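A.B. asks: To start, I am sharing the structure in question, which I have written as structure tokens.
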Amino acid sequence: MRSAKIRLYVDQPLGEGQSVLLGRDQAHYLFGVMRLSAGDPVLLFNGSAGEWRATVAEAGKRQAVLTVDTQTNAQQNPPDLWLLFAPIKKARTDFIVEKATEMGAARILPVQTEFTNSERIRQDRLQAHAVEAAEQCGGTFVPDVADLQKLGTVLGQWPEDRRILFCDEALAGPASALPELKGTGAAAGEPWAIVIGPEGGFSDAERQHLNQLPQSYAISLGPRILRADTAAVAALALWQQALGDWR
Ligand code: SAH
């Protein structure tokens, strides 16, 4: 049996013997780009049913039919971690969504802050980046990318039980406070969110709002000021290592 190298996300049920119909884009990718043909294996996941091996039953230009064979991996969900970030330039925003998916964020929320550079996002494009990143990194979960919302609105209806790791550039200094969080009763398995600001940083009012929330812990990400995309990856790594699924 040939091993399957191509992984595809499909928005369809997966189970033994199930037929999966692919549309034009995925058919083009499999047969036009990757040169697969009938009988070739592909790995499929749908975000909730693990990973399955499937075989190309019908290869067409406009559509294709795959037959699902056996499960190759169980479903693996990331910890209950959200990433809030203020969208920056397009390529860097794409990067943040891609990296957050690889690093194991469960939900990605673009937020508009006072100094946010960009007023608009293409939610569908960002969601497609999350799908691609999941296909590429071997994950079986695709984080939901929310529409752009005002930071104040999101914080105004903040869930009581979700702690916030507030990455505050005003605290830039030698030590990250993350290890100390272990002494505050924060335990693995609890809902969390990381908050990263825009290139212009947080306004005083936003800093105050975040600091007054009882769920919020402000931390430094070291002595240098990081760009927002770097800060997002660094914070995700710190959190995953201290409280998430890297431990
Ligand atoms: N223009 C701001 C920097 C913004 S950096 C200034 O010069 O002060 C973009 C975001 O990355 C920040 O809002 C913060 O969330 C995060 N960040 C960058 N470096 C950081 C650090 N050393 N500690 C904590 N957060 C940091």
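Within each chain, counting starts at residue 1; across the structure tokens, chains are named A, B, ... in the order shown, with ligands numbered 1 upward in that order.
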Show me which residues line ligand 1, defined as having an atom within 6 Å of a ligand atom where only C-alpha atoms and all ligand atoms count, and present them as a list in words.
C.D. replies: Cys167, Asp168, Glu169, Leu171, Ala172, Ile196, Gly197, Pro198, Glu199, Gly200, Gly201, Phe202, Ile219, Ser220, Leu221, Gly222, Pro223, Arg224, Ile225, Leu226, Arg227, Ala228 and Ala231 of chain A
A.B. asks: Would you pick out the contacts of A:Pro191 at 8 Å or less, using only C-alpha atoms, so that residues sharing its chain but fewer than 4 positions from it are not included, and give the list as a VMD selection string?
C.D. replies: chain A and resid 79 to 81 161 to 163
A.B. asks: Run DSSP on the backbone and grab whatever in stretch 12-230 of chain A lands in strand (DSSP E); send it over as a PDB file with N, CA and C atoms, in the first residue's frame.
C.D. replies:
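Written output follows (part_18.pdb):
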ATOM      1  N   SER A  19     -18.018   8.115   0.992  1.00  0.00           N
ATOM      2  CA  SER A  19     -17.546   8.789  -0.223  1.00  0.00           C
ATOM      3  C   SER A  19     -17.425  10.270   0.054  1.00  0.00           C
ATOM      4  N   VAL A  20     -16.352  10.868  -0.425  1.00  0.00           N
ATOM      5  CA  VAL A  20     -16.145  12.301  -0.227  1.00  0.00           C
ATOM      6  C   VAL A  20     -16.027  12.960  -1.593  1.00  0.00           C
ATOM      7  N   LEU A  21     -16.865  13.959  -1.798  1.00  0.00           N
ATOM      8  CA  LEU A  21     -16.878  14.654  -3.079  1.00  0.00           C
ATOM      9  C   LEU A  21     -16.044  15.925  -2.952  1.00  0.00           C
ATOM     10  N   LEU A  22     -15.069  16.078  -3.838  1.00  0.00           N
ATOM     11  CA  LEU A  22     -14.255  17.299  -3.808  1.00  0.00           C
ATOM     12  C   LEU A  22     -14.669  18.233  -4.929  1.00  0.00           C
ATOM     13  N   PRO A  41      -3.510   7.355  -2.852  1.00  0.00           N
ATOM     14  CA  PRO A  41      -3.979   7.650  -1.491  1.00  0.00           C
ATOM     15  C   PRO A  41      -3.842   9.135  -1.116  1.00  0.00           C
ATOM     16  N   VAL A  42      -4.736   9.591  -0.237  1.00  0.00           N
ATOM     17  CA  VAL A  42      -4.734  10.972   0.274  1.00  0.00           C
ATOM     18  C   VAL A  42      -5.150  10.893   1.748  1.00  0.00           C
ATOM     19  N   LEU A  43      -4.633  11.794   2.557  1.00  0.00           N
ATOM     20  CA  LEU A  43      -5.085  11.855   3.956  1.00  0.00           C
ATOM     21  C   LEU A  43      -6.107  12.971   4.109  1.00  0.00           C
ATOM     22  N   LEU A  44      -7.184  12.674   4.801  1.00  0.00           N
ATOM     23  CA  LEU A  44      -8.260  13.659   4.977  1.00  0.00           C
ATOM     24  C   LEU A  44      -8.520  13.910   6.459  1.00  0.00           C
ATOM     25  N   PHE A  45      -8.912  15.149   6.789  1.00  0.00           N
ATOM     26  CA  PHE A  45      -9.409  15.446   8.140  1.00  0.00           C
ATOM     27  C   PHE A  45     -10.483  16.509   8.008  1.00  0.00           C
ATOM     28  N   GLU A  51      -7.877  11.853  11.545  1.00  0.00           N
ATOM     29  CA  GLU A  51      -7.328  11.810  10.182  1.00  0.00           C
ATOM     30  C   GLU A  51      -7.601  10.445   9.554  1.00  0.00           C
ATOM     31  N   TRP A  52      -7.976  10.463   8.286  1.00  0.00           N
ATOM     32  CA  TRP A  52      -8.344   9.236   7.589  1.00  0.00           C
ATOM     33  C   TRP A  52      -7.577   9.105   6.286  1.00  0.00           C
ATOM     34  N   ARG A  53      -7.281   7.858   5.949  1.00  0.00           N
ATOM     35  CA  ARG A  53      -6.686   7.585   4.654  1.00  0.00           C
ATOM     36  C   ARG A  53      -7.825   7.353   3.674  1.00  0.00           C
ATOM     37  N   ALA A  54      -7.710   7.956   2.501  1.00  0.00           N
ATOM     38  CA  ALA A  54      -8.737   7.770   1.470  1.00  0.00           C
ATOM     39  C   ALA A  54      -8.054   7.471   0.149  1.00  0.00           C
ATOM     40  N   THR A  55      -8.820   6.942  -0.783  1.00  0.00           N
ATOM     41  CA  THR A  55      -8.276   6.599  -2.101  1.00  0.00           C
ATOM     42  C   THR A  55      -9.068   7.339  -3.164  1.00  0.00           C
ATOM     43  N   VAL A  56      -8.370   7.823  -4.169  1.00  0.00           N
ATOM     44  CA  VAL A  56      -9.053   8.506  -5.265  1.00  0.00           C
ATOM     45  C   VAL A  56      -9.869   7.475  -6.050  1.00  0.00           C
ATOM     46  N   ALA A  57     -11.188   7.662  -6.096  1.00  0.00           N
ATOM     47  CA  ALA A  57     -12.052   6.749  -6.846  1.00  0.00           C
ATOM     48  C   ALA A  57     -12.309   7.307  -8.241  1.00  0.00           C
ATOM     49  N   GLU A  58     -12.571   8.593  -8.323  1.00  0.00           N
ATOM     50  CA  GLU A  58     -12.803   9.244  -9.613  1.00  0.00           C
ATOM     51  C   GLU A  58     -12.036  10.547  -9.664  1.00  0.00           C
ATOM     52  N   ALA A  59     -11.197  10.681 -10.677  1.00  0.00           N
ATOM     53  CA  ALA A  59     -10.398  11.902 -10.815  1.00  0.00           C
ATOM     54  C   ALA A  59     -10.922  12.717 -11.985  1.00  0.00           C
ATOM     55  N   ALA A  64     -14.063  15.477  -7.907  1.00  0.00           N
ATOM     56  CA  ALA A  64     -13.408  14.188  -7.699  1.00  0.00           C
ATOM     57  C   ALA A  64     -14.150  13.457  -6.591  1.00  0.00           C
ATOM     58  N   VAL A  65     -14.070  12.140  -6.631  1.00  0.00           N
ATOM     59  CA  VAL A  65     -14.662  11.346  -5.555  1.00  0.00           C
ATOM     60  C   VAL A  65     -13.550  10.547  -4.892  1.00  0.00           C
ATOM     61  N   LEU A  66     -13.508  10.611  -3.571  1.00  0.00           N
ATOM     62  CA  LEU A  66     -12.554   9.812  -2.804  1.00  0.00           C
ATOM     63  C   LEU A  66     -13.343   8.820  -1.956  1.00  0.00           C
ATOM     64  N   THR A  67     -12.750   7.669  -1.710  1.00  0.00           N
ATOM     65  CA  THR A  67     -13.378   6.706  -0.802  1.00  0.00           C
ATOM     66  C   THR A  67     -12.522   6.608   0.448  1.00  0.00           C
ATOM     67  N   VAL A  68     -13.156   6.770   1.607  1.00  0.00           N
ATOM     68  CA  VAL A  68     -12.430   6.754   2.872  1.00  0.00           C
ATOM     69  C   VAL A  68     -12.151   5.311   3.284  1.00  0.00           C
ATOM     70  N   ASP A  69     -10.884   5.033   3.635  1.00  0.00           N
ATOM     71  CA  ASP A  69     -10.504   3.663   4.020  1.00  0.00           C
ATOM     72  C   ASP A  69     -10.462   3.526   5.549  1.00  0.00           C
ATOM     73  N   THR A  70      -9.326   3.901   6.135  1.00  0.00           N
ATOM     74  CA  THR A  70      -9.174   3.667   7.575  1.00  0.00           C
ATOM     75  C   THR A  70      -8.684   4.926   8.281  1.00  0.00           C
ATOM     76  N   GLN A  71      -8.922   4.957   9.599  1.00  0.00           N
ATOM     77  CA  GLN A  71      -8.456   6.102  10.372  1.00  0.00           C
ATOM     78  C   GLN A  71      -6.959   5.965  10.627  1.00  0.00           C
ATOM     79  N   THR A  72      -6.226   7.042  10.390  1.00  0.00           N
ATOM     80  CA  THR A  72      -4.773   7.003  10.574  1.00  0.00           C
ATOM     81  C   THR A  72      -4.333   7.766  11.820  1.00  0.00           C
ATOM     82  N   ASN A  73      -5.187   8.634  12.347  1.00  0.00           N
ATOM     83  CA  ASN A  73      -4.887   9.375  13.570  1.00  0.00           C
ATOM     84  C   ASN A  73      -6.178   9.757  14.271  1.00  0.00           C
ATOM     85  N   LEU A  81      -7.194  27.699  24.192  1.00  0.00           N
ATOM     86  CA  LEU A  81      -6.420  28.943  24.170  1.00  0.00           C
ATOM     87  C   LEU A  81      -6.844  29.819  22.998  1.00  0.00           C
ATOM     88  N   TRP A  82      -7.236  31.056  23.302  1.00  0.00           N
ATOM     89  CA  TRP A  82      -7.558  32.012  22.239  1.00  0.00           C
ATOM     90  C   TRP A  82      -6.362  32.926  22.013  1.00  0.00           C
ATOM     91  N   LEU A  83      -6.251  33.411  20.789  1.00  0.00           N
ATOM     92  CA  LEU A  83      -5.263  34.463  20.514  1.00  0.00           C
ATOM     93  C   LEU A  83      -5.994  35.707  20.026  1.00  0.00           C
ATOM     94  N   LEU A  84      -5.869  36.785  20.781  1.00  0.00           N
ATOM     95  CA  LEU A  84      -6.399  38.082  20.338  1.00  0.00           C
ATOM     96  C   LEU A  84      -5.225  38.897  19.822  1.00  0.00           C
ATOM     97  N   PHE A  85      -5.359  39.413  18.623  1.00  0.00           N
ATOM     98  CA  PHE A  85      -4.278  40.259  18.106  1.00  0.00           C
ATOM     99  C   PHE A  85      -4.870  41.354  17.237  1.00  0.00           C
ATOM    100  N   ARG A 107      -8.715  29.266  18.969  1.00  0.00           N
ATOM    101  CA  ARG A 107      -9.559  30.295  18.356  1.00  0.00           C
ATOM    102  C   ARG A 107      -8.723  31.547  18.144  1.00  0.00           C
ATOM    103  N   ILE A 108      -8.934  32.187  17.012  1.00  0.00           N
ATOM    104  CA  ILE A 108      -8.134  33.359  16.673  1.00  0.00           C
ATOM    105  C   ILE A 108      -9.088  34.539  16.509  1.00  0.00           C
ATOM    106  N   LEU A 109      -8.851  35.595  17.293  1.00  0.00           N
ATOM    107  CA  LEU A 109      -9.767  36.748  17.258  1.00  0.00           C
ATOM    108  C   LEU A 109      -9.012  38.027  16.891  1.00  0.00           C
ATOM    109  N   PRO A 110      -9.168  38.491  15.658  1.00  0.00           N
ATOM    110  CA  PRO A 110      -8.589  39.781  15.306  1.00  0.00           C
ATOM    111  C   PRO A 110      -9.377  40.880  16.004  1.00  0.00           C
ATOM    112  N   VAL A 111      -8.675  41.783  16.676  1.00  0.00           N
ATOM    113  CA  VAL A 111      -9.367  42.865  17.384  1.00  0.00           C
ATOM    114  C   VAL A 111      -8.838  44.221  16.954  1.00  0.00           C
ATOM    115  N   GLN A 112      -9.767  45.164  16.908  1.00  0.00           N
ATOM    116  CA  GLN A 112      -9.394  46.518  16.534  1.00  0.00           C
ATOM    117  C   GLN A 112      -9.089  47.315  17.792  1.00  0.00           C
ATOM    118  N   ASP A 144     -11.003  28.380  14.654  1.00  0.00           N
ATOM    119  CA  ASP A 144     -11.966  29.294  14.068  1.00  0.00           C
ATOM    120  C   ASP A 144     -11.355  30.698  14.075  1.00  0.00           C
ATOM    121  N   VAL A 145     -11.427  31.390  12.940  1.00  0.00           N
ATOM    122  CA  VAL A 145     -10.967  32.778  12.887  1.00  0.00           C
ATOM    123  C   VAL A 145     -12.202  33.672  12.924  1.00  0.00           C
ATOM    124  N   GLN A 149     -13.409  42.549  15.562  1.00  0.00           N
ATOM    125  CA  GLN A 149     -14.274  43.197  16.544  1.00  0.00           C
ATOM    126  C   GLN A 149     -13.445  44.214  17.314  1.00  0.00           C
ATOM    127  N   LYS A 150     -14.113  45.158  17.940  1.00  0.00           N
ATOM    128  CA  LYS A 150     -13.383  46.147  18.759  1.00  0.00           C
ATOM    129  C   LYS A 150     -12.885  45.456  20.039  1.00  0.00           C
ATOM    130  N   ARG A 163      -8.861  33.207  31.624  1.00  0.00           N
ATOM    131  CA  ARG A 163      -7.751  34.071  32.033  1.00  0.00           C
ATOM    132  C   ARG A 163      -7.091  34.708  30.810  1.00  0.00           C
ATOM    133  N   ILE A 164      -6.466  35.828  31.042  1.00  0.00           N
ATOM    134  CA  ILE A 164      -5.848  36.595  29.953  1.00  0.00           C
ATOM    135  C   ILE A 164      -4.355  36.745  30.214  1.00  0.00           C
ATOM    136  N   LEU A 165      -3.559  36.393  29.228  1.00  0.00           N
ATOM    137  CA  LEU A 165      -2.131  36.668  29.271  1.00  0.00           C
ATOM    138  C   LEU A 165      -1.916  37.935  28.450  1.00  0.00           C
ATOM    139  N   PHE A 166      -1.792  39.037  29.161  1.00  0.00           N
ATOM    140  CA  PHE A 166      -1.719  40.350  28.523  1.00  0.00           C
ATOM    141  C   PHE A 166      -0.245  40.687  28.260  1.00  0.00           C
ATOM    142  N   CYS A 167       0.141  40.647  27.000  1.00  0.00           N
ATOM    143  CA  CYS A 167       1.528  40.937  26.642  1.00  0.00           C
ATOM    144  C   CYS A 167       1.673  42.444  26.501  1.00  0.00           C
ATOM    145  N   TRP A 192      -7.906  30.071  28.466  1.00  0.00           N
ATOM    146  CA  TRP A 192      -6.988  31.207  28.481  1.00  0.00           C
ATOM    147  C   TRP A 192      -7.109  31.983  27.180  1.00  0.00           C
ATOM    148  N   ALA A 193      -6.575  33.195  27.193  1.00  0.00           N
ATOM    149  CA  ALA A 193      -6.409  33.970  25.956  1.00  0.00           C
ATOM    150  C   ALA A 193      -5.118  34.756  26.051  1.00  0.00           C
ATOM    151  N   ILE A 194      -4.426  34.849  24.925  1.00  0.00           N
ATOM    152  CA  ILE A 194      -3.236  35.699  24.829  1.00  0.00           C
ATOM    153  C   ILE A 194      -3.662  36.978  24.118  1.00  0.00           C
ATOM    154  N   VAL A 195      -3.215  38.119  24.614  1.00  0.00           N
ATOM    155  CA  VAL A 195      -3.567  39.390  23.957  1.00  0.00           C
ATOM    156  C   VAL A 195      -2.293  40.100  23.483  1.00  0.00           C
ATOM    157  N   ILE A 196      -2.234  40.355  22.184  1.00  0.00           N
ATOM    158  CA  ILE A 196      -1.081  41.015  21.564  1.00  0.00           C
ATOM    159  C   ILE A 196      -1.556  42.316  20.904  1.00  0.00           C
ATOM    160  N   SER A 216      -6.899  39.032  34.216  1.00  0.00           N
ATOM    161  CA  SER A 216      -5.743  39.397  33.400  1.00  0.00           C
ATOM    162  C   SER A 216      -4.415  39.331  34.149  1.00  0.00           C
ATOM    163  N   TYR A 217      -3.402  38.778  33.498  1.00  0.00           N
ATOM    164  CA  TYR A 217      -2.033  38.771  34.007  1.00  0.00           C
ATOM    165  C   TYR A 217      -1.162  39.450  32.971  1.00  0.00           C
ATOM    166  N   ALA A 218      -0.547  40.559  33.340  1.00  0.00           N
ATOM    167  CA  ALA A 218       0.317  41.272  32.389  1.00  0.00           C
ATOM    168  C   ALA A 218       1.716  40.678  32.462  1.00  0.00           C
ATOM    169  N   ILE A 219       2.301  40.419  31.298  1.00  0.00           N
ATOM    170  CA  ILE A 219       3.667  39.879  31.303  1.00  0.00           C
ATOM    171  C   ILE A 219       4.564  40.625  30.318  1.00  0.00           C
TER     172      ILE A 219
END
A.B. asks: Would you work out the distance separating atom CA of A:Ala232 from atom CA of A:Ala91, expressed in Å to one decimal?
C.D. replies: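 Interatomic distance, atom CA of A:Ala232 to atom CA of A:Ala91: 14.4 Å.
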A.B. asks: For A:Glu135, list every protein, DNA or RNA residue within 8 Å, evaluated using only C-alpha atoms, and leave out those in the same chain fewer than 3 positions away; present the list as a VMD selection string.
C.D. replies: chain A and resid 7 to 9 131 to 132 138 to 140
A.B. asks: I'd like the contact shell of A:Gly60 - 12 Å cut-off, only C-alpha atoms, skipping same-chain residues fewer than 4 positions apart - returned as a PDB file with N, CA, C and O atoms, in the first residue's frame.
C.D. replies:
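Full text of part-v8.pdb as output:
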ATOM      1  N   LEU A  21     -16.865  13.959  -1.798  1.00  0.00           N
ATOM      2  CA  LEU A  21     -16.878  14.654  -3.079  1.00  0.00           C
ATOM      3  C   LEU A  21     -16.044  15.925  -2.952  1.00  0.00           C
ATOM      4  O   LEU A  21     -16.280  16.740  -2.064  1.00  0.00           O
ATOM      5  N   LEU A  22     -15.069  16.078  -3.838  1.00  0.00           N
ATOM      6  CA  LEU A  22     -14.255  17.299  -3.808  1.00  0.00           C
ATOM      7  C   LEU A  22     -14.669  18.233  -4.929  1.00  0.00           C
ATOM      8  O   LEU A  22     -14.997  17.792  -6.027  1.00  0.00           O
ATOM      9  N   GLY A  23     -14.628  19.514  -4.661  1.00  0.00           N
ATOM     10  CA  GLY A  23     -14.966  20.527  -5.671  1.00  0.00           C
ATOM     11  C   GLY A  23     -13.780  20.845  -6.563  1.00  0.00           C
ATOM     12  O   GLY A  23     -12.718  20.237  -6.469  1.00  0.00           O
ATOM     13  N   ARG A  24     -13.985  21.868  -7.405  1.00  0.00           N
ATOM     14  CA  ARG A  24     -13.014  22.194  -8.450  1.00  0.00           C
ATOM     15  C   ARG A  24     -11.620  22.517  -7.891  1.00  0.00           C
ATOM     16  O   ARG A  24     -10.621  22.014  -8.407  1.00  0.00           O
ATOM     17  N   ASP A  25     -11.542  23.320  -6.834  1.00  0.00           N
ATOM     18  CA  ASP A  25     -10.225  23.752  -6.350  1.00  0.00           C
ATOM     19  C   ASP A  25      -9.397  22.579  -5.839  1.00  0.00           C
ATOM     20  O   ASP A  25      -8.215  22.450  -6.155  1.00  0.00           O
ATOM     21  N   GLN A  26     -10.044  21.745  -5.020  1.00  0.00           N
ATOM     22  CA  GLN A  26      -9.289  20.622  -4.462  1.00  0.00           C
ATOM     23  C   GLN A  26      -8.985  19.584  -5.542  1.00  0.00           C
ATOM     24  O   GLN A  26      -7.924  18.973  -5.534  1.00  0.00           O
ATOM     25  N   ALA A  27      -9.908  19.408  -6.496  1.00  0.00           N
ATOM     26  CA  ALA A  27      -9.657  18.474  -7.608  1.00  0.00           C
ATOM     27  C   ALA A  27      -8.470  18.980  -8.430  1.00  0.00           C
ATOM     28  O   ALA A  27      -7.572  18.212  -8.796  1.00  0.00           O
ATOM     29  N   HIS A  28      -8.453  20.281  -8.688  1.00  0.00           N
ATOM     30  CA  HIS A  28      -7.336  20.854  -9.444  1.00  0.00           C
ATOM     31  C   HIS A  28      -6.015  20.647  -8.700  1.00  0.00           C
ATOM     32  O   HIS A  28      -4.998  20.281  -9.283  1.00  0.00           O
ATOM     33  N   TYR A  29      -6.061  20.875  -7.384  1.00  0.00           N
ATOM     34  CA  TYR A  29      -4.838  20.704  -6.586  1.00  0.00           C
ATOM     35  C   TYR A  29      -4.328  19.255  -6.673  1.00  0.00           C
ATOM     36  O   TYR A  29      -3.152  19.009  -6.936  1.00  0.00           O
ATOM     37  N   LEU A  30      -5.246  18.297  -6.512  1.00  0.00           N
ATOM     38  CA  LEU A  30      -4.818  16.883  -6.501  1.00  0.00           C
ATOM     39  C   LEU A  30      -4.328  16.401  -7.860  1.00  0.00           C
ATOM     40  O   LEU A  30      -3.310  15.726  -7.954  1.00  0.00           O
ATOM     41  N   PHE A  31      -5.074  16.776  -8.920  1.00  0.00           N
ATOM     42  CA  PHE A  31      -4.762  16.161 -10.223  1.00  0.00           C
ATOM     43  C   PHE A  31      -3.951  17.092 -11.126  1.00  0.00           C
ATOM     44  O   PHE A  31      -3.078  16.636 -11.854  1.00  0.00           O
ATOM     45  N   GLY A  32      -4.245  18.410 -11.049  1.00  0.00           N
ATOM     46  CA  GLY A  32      -3.511  19.362 -11.886  1.00  0.00           C
ATOM     47  C   GLY A  32      -2.138  19.669 -11.306  1.00  0.00           C
ATOM     48  O   GLY A  32      -1.136  19.696 -12.007  1.00  0.00           O
ATOM     49  N   ARG A  35      -0.593  15.905  -9.482  1.00  0.00           N
ATOM     50  CA  ARG A  35      -0.532  14.807 -10.476  1.00  0.00           C
ATOM     51  C   ARG A  35      -0.973  13.454  -9.924  1.00  0.00           C
ATOM     52  O   ARG A  35      -0.424  12.417 -10.295  1.00  0.00           O
ATOM     53  N   LEU A  36      -1.942  13.460  -9.053  1.00  0.00           N
ATOM     54  CA  LEU A  36      -2.474  12.192  -8.560  1.00  0.00           C
ATOM     55  C   LEU A  36      -3.443  11.614  -9.593  1.00  0.00           C
ATOM     56  O   LEU A  36      -3.928  12.340 -10.474  1.00  0.00           O
ATOM     57  N   SER A  37      -3.729  10.325  -9.490  1.00  0.00           N
ATOM     58  CA  SER A  37      -4.755   9.743 -10.355  1.00  0.00           C
ATOM     59  C   SER A  37      -5.533   8.690  -9.568  1.00  0.00           C
ATOM     60  O   SER A  37      -5.248   8.446  -8.388  1.00  0.00           O
ATOM     61  N   ALA A  38      -6.501   8.071 -10.233  1.00  0.00           N
ATOM     62  CA  ALA A  38      -7.362   7.093  -9.555  1.00  0.00           C
ATOM     63  C   ALA A  38      -6.504   6.022  -8.883  1.00  0.00           C
ATOM     64  O   ALA A  38      -5.514   5.562  -9.443  1.00  0.00           O
ATOM     65  N   VAL A  56      -8.370   7.823  -4.169  1.00  0.00           N
ATOM     66  CA  VAL A  56      -9.053   8.506  -5.265  1.00  0.00           C
ATOM     67  C   VAL A  56      -9.869   7.475  -6.050  1.00  0.00           C
ATOM     68  O   VAL A  56      -9.321   6.500  -6.575  1.00  0.00           O
ATOM     69  N   ALA A  64     -14.063  15.477  -7.907  1.00  0.00           N
ATOM     70  CA  ALA A  64     -13.408  14.188  -7.699  1.00  0.00           C
ATOM     71  C   ALA A  64     -14.150  13.457  -6.591  1.00  0.00           C
ATOM     72  O   ALA A  64     -14.792  14.081  -5.752  1.00  0.00           O
ATOM     73  N   VAL A  65     -14.070  12.140  -6.631  1.00  0.00           N
ATOM     74  CA  VAL A  65     -14.662  11.346  -5.555  1.00  0.00           C
ATOM     75  C   VAL A  65     -13.550  10.547  -4.892  1.00  0.00           C
ATOM     76  O   VAL A  65     -12.738   9.910  -5.572  1.00  0.00           O
ATOM     77  N   LEU A  66     -13.508  10.611  -3.571  1.00  0.00           N
ATOM     78  CA  LEU A  66     -12.554   9.812  -2.804  1.00  0.00           C
ATOM     79  C   LEU A  66     -13.343   8.820  -1.956  1.00  0.00           C
ATOM     80  O   LEU A  66     -14.466   9.105  -1.548  1.00  0.00           O
TER      81      LEU A  66
END
A.B. asks: Just give me the gap between atom CA of A:Ala146 and atom CA of A:Pro214 in Å, one decimal is fine.
C.D. replies: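 Value for the atom CA of A:Ala146-atom CA of A:Pro214 distance: 24.2 Å.
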A.B. asks: A:Ala134: which residues within 12 Å, counting only C-alpha atoms, same-chain residues fewer than 5 positions away excluded, as number ranges by chain?
C.D. replies: A: 7-10, 44-47, 51, 76-78, 97-106, 127-129, 139-144
A.B. asks: Residues of stretch 15-152 of chain A in helix (DSSP H, G or I) according to DSSP, as a PyMOL selection string?
C.D. replies: chain A and resi 24-33+90-103+123-137+151-152
A.B. asks: Quick one, how far is atom CA of A:Leu210 from atom CA of A:Thr113?
C.D. replies: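 Atom CA of A:Thr113 lies at a distance of 12.1 Å from atom CA of A:Leu210.
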